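Below is entry-v1.cif, holding mmCIF, C-alpha atoms and all ligand atoms.
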data_coords
loop_
_atom_site.label_atom_id
_atom_site.label_comp_id
_atom_site.auth_asym_id
_atom_site.auth_seq_id
_atom_site.Cartn_x
_atom_site.Cartn_y
_atom_site.Cartn_z
CA MET A 51 -100.20 30.60 109.77
CA LYS A 52 -103.57 29.91 111.35
CA LEU A 53 -106.26 27.93 109.56
CA MET A 54 -109.90 28.43 110.54
CA LEU A 55 -112.22 25.54 109.68
CA VAL A 56 -115.84 26.30 108.78
CA GLY A 57 -118.50 23.75 107.87
CA ARG A 58 -121.67 22.06 109.00
CA THR A 59 -121.71 19.73 111.98
CA GLY A 60 -120.36 16.30 111.10
CA VAL A 61 -118.22 17.12 108.07
CA GLY A 62 -114.98 16.35 109.92
CA LYS A 63 -113.61 19.67 111.20
CA THR A 64 -112.63 18.38 114.63
CA THR A 65 -111.17 15.18 113.19
CA LEU A 66 -109.00 17.24 110.86
CA THR A 67 -108.02 19.61 113.67
CA GLN A 68 -106.85 16.68 115.73
CA ARG A 69 -104.97 15.12 112.81
CA LEU A 70 -103.18 18.39 112.13
CA ASN A 71 -102.20 18.48 115.78
CA LYS A 72 -101.33 14.77 115.99
CA LYS A 73 -103.79 14.42 118.84
CA ASN A 74 -105.63 11.27 119.75
CA LEU A 75 -108.87 11.01 117.86
CA GLU A 76 -111.17 11.12 120.83
CA TYR A 77 -114.59 12.24 119.69
CA LYS A 78 -115.75 15.59 120.90
CA LYS A 79 -118.55 17.79 119.66
CA THR A 80 -117.34 21.34 119.37
CA GLN A 81 -119.47 23.52 121.61
CA MET A 82 -117.32 26.60 121.26
CA VAL A 83 -114.53 27.87 119.13
CA ASP A 84 -111.46 25.71 119.79
CA TYR A 85 -107.98 27.10 119.27
CA ILE A 86 -105.71 24.09 118.94
CA GLY A 87 -102.22 24.88 117.74
CA GLN A 88 -102.48 26.60 114.38
CA VAL A 89 -106.06 25.46 113.80
CA ILE A 90 -109.27 27.22 114.78
CA ASP A 91 -112.13 24.71 114.92
CA THR A 92 -115.53 26.41 114.78
CA PRO A 93 -118.93 24.97 115.72
CA GLY A 94 -121.17 23.92 112.83
CA GLU A 95 -123.87 26.20 114.14
CA TYR A 96 -121.79 29.22 113.15
CA VAL A 97 -122.37 28.49 109.48
CA GLU A 98 -125.70 26.68 109.77
CA ASN A 99 -127.37 29.74 111.27
CA ARG A 100 -126.89 33.08 109.57
CA ASN A 101 -127.28 34.90 112.88
CA TYR A 102 -123.82 33.62 113.75
CA TYR A 103 -122.07 34.87 110.61
CA LYS A 104 -120.87 37.89 112.53
CA ALA A 105 -119.24 35.66 115.15
CA LEU A 106 -117.55 33.70 112.38
CA ASN A 107 -116.23 36.92 110.95
CA VAL A 108 -114.83 38.07 114.28
CA VAL A 109 -113.07 34.74 114.86
CA SER A 110 -111.65 34.84 111.32
CA MET A 111 -109.57 37.88 112.26
CA ASP A 112 -107.12 35.52 113.97
CA ALA A 113 -106.67 33.37 110.86
CA GLN A 114 -104.83 33.84 107.58
CA ILE A 115 -106.43 30.87 105.84
CA ILE A 116 -110.12 29.96 105.93
CA GLY A 117 -111.00 26.36 105.13
CA LEU A 118 -114.56 25.78 103.97
CA VAL A 119 -115.17 22.13 104.77
CA GLN A 120 -117.61 20.10 102.68
CA SER A 121 -118.13 16.34 102.91
CA SER A 122 -118.17 14.48 99.60
CA LEU A 123 -121.26 12.66 100.92
CA ASP A 124 -123.39 15.77 101.40
CA GLU A 125 -125.88 16.62 98.68
CA VAL A 126 -126.55 20.04 100.12
CA SER A 127 -124.25 22.85 101.11
CA VAL A 128 -124.41 25.33 103.95
CA PHE A 129 -122.31 27.82 102.00
CA PRO A 130 -124.22 30.45 100.07
CA PRO A 131 -122.84 31.61 96.70
CA ASN A 132 -119.81 33.85 97.15
CA PHE A 133 -119.63 33.08 100.88
CA SER A 134 -115.85 33.55 100.69
CA SER A 135 -116.22 37.28 100.07
CA MET A 136 -117.23 37.75 103.69
CA PHE A 137 -113.61 37.05 104.68
CA LEU A 138 -111.69 40.06 103.49
CA ASN A 139 -108.00 39.65 102.68
CA LYS A 140 -107.97 35.97 103.62
CA LYS A 141 -106.98 32.98 101.57
CA VAL A 142 -110.17 30.94 101.33
CA ILE A 143 -109.71 27.30 100.40
CA GLY A 144 -112.11 24.37 100.08
CA ILE A 145 -111.52 21.09 101.90
CA ILE A 146 -113.49 18.03 100.79
CA THR A 147 -113.63 15.35 103.48
CA LYS A 148 -114.66 11.68 103.43
CA VAL A 149 -113.32 11.01 99.96
CA ASP A 150 -112.54 7.51 101.27
CA LEU A 151 -116.29 6.94 101.46
CA LYS A 152 -117.19 8.66 98.19
CA SER A 153 -114.48 9.43 95.69
CA ASP A 154 -116.74 11.29 93.27
CA THR A 155 -116.27 14.84 94.48
CA LYS A 156 -117.93 16.63 91.59
CA MET A 157 -120.86 17.88 93.64
CA ALA A 158 -118.73 19.00 96.57
CA ARG A 159 -116.37 20.82 94.19
CA ASN A 160 -119.31 22.57 92.62
CA PHE A 161 -120.59 23.79 96.02
CA LEU A 162 -117.14 25.01 97.04
CA ASN A 163 -116.50 26.76 93.74
CA LEU A 164 -119.85 28.54 94.05
CA ALA A 165 -118.81 29.61 97.54
CA GLY A 166 -115.76 31.19 95.93
CA VAL A 167 -112.79 29.13 97.11
CA GLU A 168 -109.36 29.66 95.51
CA GLU A 169 -108.30 26.06 95.67
CA ILE A 170 -109.68 22.67 96.69
CA ILE A 171 -107.98 19.95 98.73
CA GLU A 172 -109.44 16.46 99.09
CA ILE A 173 -108.93 14.41 102.21
CA GLY A 174 -110.06 11.05 103.54
CA LYS A 175 -109.50 8.80 106.48
CA ASN A 176 -106.10 7.43 105.52
CA CYS A 177 -104.93 9.99 103.03
CA GLU A 178 -102.11 12.44 103.40
CA ILE A 179 -102.82 15.90 104.77
CA LYS A 180 -99.35 17.18 103.96
CA ILE A 181 -100.60 20.14 101.90
CA LEU A 182 -102.58 21.44 104.86
CA LYS A 183 -99.71 20.79 107.26
CA ASN A 184 -97.42 22.78 104.99
CA TYR A 185 -99.87 25.66 104.91
CA ILE A 186 -100.02 26.05 108.64
CA GLY A 187 -96.54 24.89 109.51
CA GLY A 188 -94.71 26.38 106.55
CA ALA A 189 -92.98 29.60 107.44
CA ASN A 190 -94.22 29.55 111.03
CA GLU A 191 -94.95 33.26 110.94
CA ASN A 192 -97.34 33.43 113.88
N1 LIG B 201 -114.66 7.96 106.66
C1 LIG B 201 -114.36 9.19 107.11
N2 LIG B 201 -114.94 9.63 108.24
C2 LIG B 201 -114.63 10.87 108.66
C3 LIG B 201 -113.73 11.71 107.96
N3 LIG B 201 -113.63 12.89 108.63
C4 LIG B 201 -114.44 12.77 109.71
N4 LIG B 201 -115.05 11.57 109.74
C5 LIG B 201 -116.03 11.08 110.74
O1 LIG B 201 -117.16 11.96 110.70
C6 LIG B 201 -117.72 12.11 112.00
C7 LIG B 201 -117.83 13.60 112.37
O2 LIG B 201 -116.53 14.14 112.47
P1 LIG B 201 -116.21 15.46 113.32
O3 LIG B 201 -114.75 15.70 113.14
O4 LIG B 201 -116.71 15.34 114.69
O5 LIG B 201 -117.04 16.56 112.53
P2 LIG B 201 -117.29 18.10 112.92
O6 LIG B 201 -118.67 18.19 113.48
O7 LIG B 201 -117.17 18.82 111.62
O8 LIG B 201 -116.23 18.51 113.89
C8 LIG B 201 -116.82 11.32 112.94
O9 LIG B 201 -117.42 10.07 113.16
C9 LIG B 201 -115.53 11.17 112.16
O10 LIG B 201 -114.83 10.00 112.51
C10 LIG B 201 -113.14 11.21 106.74
O11 LIG B 201 -112.37 11.87 106.03
N5 LIG B 201 -113.50 9.94 106.38
MG MG B 202 -116.52 19.44 115.74
#
Rewritten as structure tokens:
Amino acid sequence: MKLMLVGRTGVGKTTLTQRLNKKNLEYKKTQMVDYIGQVIDTPGEYVENRNYYKALNVVSMDAQIIGLVQSSLDEVSVFPPNFSSMFLNKKVIGIITKVDLKSDTKMARNFLNLAGVEEIIEIGKNCEIKILKNYIGGANEN
């Protein structure tokens, strides 16, 4: 299954993409949509600027799971209420990053629930990402 990551610049989408692909964590700002293995890493601009929502929607066609990525540190959210409804027939999950820096994820959970995610997964620098690996690796359908 393919997982598309959506979230503002700096939340940790590329870091997670590289971890899921066991790549070296060399820093790289995503300028375009990156297809790396089963992960689609999208630029922050796609969700920061509503003019790009259409592009996000087109790219989402290749994915079965959409991960809305929110940092536990952020006190604002780029996701409007019910943002998940824009992805028809997709499993939309929330991913909270940087829980190693701030373990209180109440605010991030609230933002993601408002956006309409089905489920929330918390990750941090040294924590396991097995659940996400299972999602994309699981049945290995395409
Ligand atoms: N402490 C901590 N730092 C993280 C985590 N995820 C990403 N970062 C850092 O956040 C910064 C931005 O990450 P990046 O993956 O480039 O974000 P992107 O713009 O969403 O692709 C980098 O310095 C990462 O090392 C995390 O879970 N914990
Ligand atoms: Mg990036």
Item checked: Protein and nucleic residues near ligand MG 202 (chain B), 10 Å, only C-alpha atoms and all ligand atoms, as number ranges by chain -> A: 55-67, 77-84, 91-94
Item checked: Selected residue, from A:Asp154, A:Gln120, A:Val126, A:Asn132, that lies nearest to Ile171 of chain A when counting all atoms listed in the file -> A:Gln120
Once you add 5 Å to each side, what are the centre and edge lengths of the axis-aligned box holding all listed atoms of ligand LIG 201 (chain B)? One decimal in Å, as lines of an AutoDock Vina configuration file, if you can.
center_x = -115.5
center_y = 13.4
center_z = 110.4
size_x = 16.3
size_y = 20.9
size_z = 18.7
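Closest approach to Gly166 of chain A from the set A:Ile181, A:Ile186, A:Leu123, A:Met136 is made by A:Met136, with distances taken over all atoms listed in the file.
Straight-line separation from atom CA of Lys152 of chain A to atom CA of Gln88 of chain A: 28.3 Å.
A straight line drawn from atom CA of Phe133 of chain A to atom CA of Ala158 of chain A is 14.8 Å long.
Distance check against ligand LIG 201 (chain B) using only C-alpha atoms and all ligand atoms: of A:Leu182, A:Met111, A:Ile173, A:Val89, the minimum falls on A:Ile173.
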Next item on the list: Figure out the distance between atom CA of Met157 of chain A and atom CA of Asp124 of chain A, please, to one decimal in Å.
Entry: 8.4 Å
